[in-house]
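Chemist: What follows is a single structure, and I will ask about it in a moment.
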Amino acid sequence: MNACVDQLTCIGCGMCPGIAPEVFQMGGSGKAEAFAPATAENKDSVQEAIDSCPVSAISWQA
């Protein structure tokens, strides 16, 4: 499964890379991006990042 960051909604707070740096990073635009797929080992931290996003910009992508 992959996580997806809505670039129009993201405010660039940096919370998701702080929680799951193996999946999220801050892009050149100052907004977060998912650069790697979630794995069995990190899916819980990705879900925590989704749940912690203050503007609900992150979701699972099928």
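Ordered as shown in the structure tokens, chains take letters A, B, and onward, while each chain numbers its residues from 1 and ligands are numbered from 1 in the order shown.
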So that I can check the surroundings of segment 19-24 of chain A, please list as a list in words every protein, DNA and RNA residue that reaches within 10 Å of it, counting only C-alpha atoms and ignoring chain neighbours fewer than 3 positions away.

Modeler: Asn2, Ala3, Cys4, Val5, Gly14, Met15, Cys16, Gly27, Ala32, Glu33, Ala34, Phe35, Ala36, Pro37, Ala38, Thr39, Asn42, Lys43, Asp44, Ser45, Val46, Gln47, Glu48, Ala49, Ile50 and Ser52 of chain A

Chemist: Kindly export the residues of the current selection with C-alpha atoms, as a compact mmCIF listing (two decimals), in the first residue's frame.

Modeler:
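Here's the written file again.txt:
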```txt
# COMPACT_ATOMS: atom_id res chain seq x y z
CA ASN A 2 1.07 3.52 -0.67
CA ALA A 3 0.39 6.73 1.18
CA CYS A 4 -0.52 9.83 -0.77
CA VAL A 5 -0.06 13.45 0.32
CA GLY A 14 6.81 18.35 8.83
CA MET A 15 4.93 16.05 11.17
CA CYS A 16 4.73 13.06 8.80
CA GLY A 27 9.82 18.19 -1.02
CA ALA A 32 5.53 16.73 2.37
CA GLU A 33 5.61 13.89 -0.13
CA ALA A 34 5.52 10.13 0.10
CA PHE A 35 8.69 8.92 -1.59
CA ALA A 36 8.52 5.22 -0.69
CA PRO A 37 5.75 2.65 -0.31
CA ALA A 38 4.59 1.50 3.09
CA THR A 39 5.81 -1.90 4.17
CA ASN A 42 6.32 0.63 8.86
CA LYS A 43 2.59 0.61 8.11
CA ASP A 44 1.76 1.43 11.73
CA SER A 45 3.95 4.54 11.68
CA VAL A 46 2.44 5.58 8.33
CA GLN A 47 -1.03 5.23 9.87
CA GLU A 48 0.14 7.32 12.82
CA ALA A 49 1.31 10.01 10.37
CA ILE A 50 -2.07 9.89 8.61
CA SER A 52 -1.60 13.01 13.13
```

Chemist: Mind checking DSSP for chain A and telling me the strand (DSSP E) residues as a ChimeraX atom specification?

Modeler: /A:2-5,24-26,32-34,58-61

Chemist: Restricting the calculation to only C-alpha atoms, which member of A:Met1, A:Cys13, A:Ala62, A:Gly18 is positioned closest to Gly30 of chain A?

Modeler: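 Among the listed residues, A:Cys13 lies closest to Gly30 of chain A.
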
Chemist: So how far away is atom CA of Ser29 of chain A from atom CA of Asp51 of chain A, in Å?

Modeler: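 Going from atom CA of Asp51 of chain A over to atom CA of Ser29 of chain A, I get 22.7 Å.
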
Chemist: Residues of segment 6-62 of chain A classed as alpha helix (DSSP H) by DSSP on the backbone are to be reported as a PDB file with N, CA and C atoms, in the first residue's frame.

Modeler:
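Result file follows (part-v3.pdb):
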```pdb
ATOM      1  N   MET A  15       5.264  17.087  10.207  1.00  0.00           N
ATOM      2  CA  MET A  15       4.932  16.051  11.173  1.00  0.00           C
ATOM      3  C   MET A  15       5.101  14.648  10.587  1.00  0.00           C
ATOM      4  N   CYS A  16       4.672  14.418   9.369  1.00  0.00           N
ATOM      5  CA  CYS A  16       4.733  13.063   8.800  1.00  0.00           C
ATOM      6  C   CYS A  16       6.168  12.561   8.613  1.00  0.00           C
ATOM      7  N   PRO A  17       7.111  13.364   8.103  1.00  0.00           N
ATOM      8  CA  PRO A  17       8.478  12.857   8.050  1.00  0.00           C
ATOM      9  C   PRO A  17       9.078  12.660   9.437  1.00  0.00           C
ATOM     10  N   GLY A  18       8.582  13.394  10.410  1.00  0.00           N
ATOM     11  CA  GLY A  18       9.046  13.207  11.770  1.00  0.00           C
ATOM     12  C   GLY A  18       8.590  11.878  12.353  1.00  0.00           C
ATOM     13  N   ILE A  19       7.412  11.438  11.926  1.00  0.00           N
ATOM     14  CA  ILE A  19       6.844  10.184  12.425  1.00  0.00           C
ATOM     15  C   ILE A  19       7.312   8.994  11.597  1.00  0.00           C
ATOM     16  N   LYS A  43       3.972   0.175   8.373  1.00  0.00           N
ATOM     17  CA  LYS A  43       2.588   0.605   8.110  1.00  0.00           C
ATOM     18  C   LYS A  43       1.942   1.251   9.324  1.00  0.00           C
ATOM     19  N   ASP A  44       2.329   0.820  10.536  1.00  0.00           N
ATOM     20  CA  ASP A  44       1.756   1.433  11.731  1.00  0.00           C
ATOM     21  C   ASP A  44       2.218   2.883  11.889  1.00  0.00           C
ATOM     22  N   SER A  45       3.472   3.161  11.579  1.00  0.00           N
ATOM     23  CA  SER A  45       3.953   4.539  11.681  1.00  0.00           C
ATOM     24  C   SER A  45       3.348   5.404  10.575  1.00  0.00           C
ATOM     25  N   VAL A  46       3.108   4.827   9.404  1.00  0.00           N
ATOM     26  CA  VAL A  46       2.442   5.576   8.332  1.00  0.00           C
ATOM     27  C   VAL A  46       1.012   5.912   8.760  1.00  0.00           C
ATOM     28  N   GLN A  47       0.330   4.953   9.381  1.00  0.00           N
ATOM     29  CA  GLN A  47      -1.027   5.232   9.870  1.00  0.00           C
ATOM     30  C   GLN A  47      -1.002   6.304  10.950  1.00  0.00           C
ATOM     31  N   GLU A  48       0.007   6.284  11.796  1.00  0.00           N
ATOM     32  CA  GLU A  48       0.141   7.323  12.820  1.00  0.00           C
ATOM     33  C   GLU A  48       0.323   8.691  12.167  1.00  0.00           C
ATOM     34  N   ALA A  49       1.118   8.748  11.101  1.00  0.00           N
ATOM     35  CA  ALA A  49       1.307  10.010  10.374  1.00  0.00           C
ATOM     36  C   ALA A  49      -0.007  10.479   9.756  1.00  0.00           C
ATOM     37  N   ILE A  50      -0.767   9.559   9.190  1.00  0.00           N
ATOM     38  CA  ILE A  50      -2.075   9.892   8.607  1.00  0.00           C
ATOM     39  C   ILE A  50      -2.987  10.464   9.691  1.00  0.00           C
ATOM     40  N   ASP A  51      -3.031   9.778  10.822  1.00  0.00           N
ATOM     41  CA  ASP A  51      -3.904  10.202  11.920  1.00  0.00           C
ATOM     42  C   ASP A  51      -3.446  11.512  12.548  1.00  0.00           C
ATOM     43  N   SER A  52      -2.163  11.815  12.486  1.00  0.00           N
ATOM     44  CA  SER A  52      -1.603  13.007  13.129  1.00  0.00           C
ATOM     45  C   SER A  52      -1.601  14.243  12.245  1.00  0.00           C
TER      46      SER A  52
END
```

Chemist: So the first atom is atom CA of Ser59 of chain A and the second is atom CA of Met26 of chain A; what is the distance between them in Å, to one decimal place?

Modeler: 16.5 Å
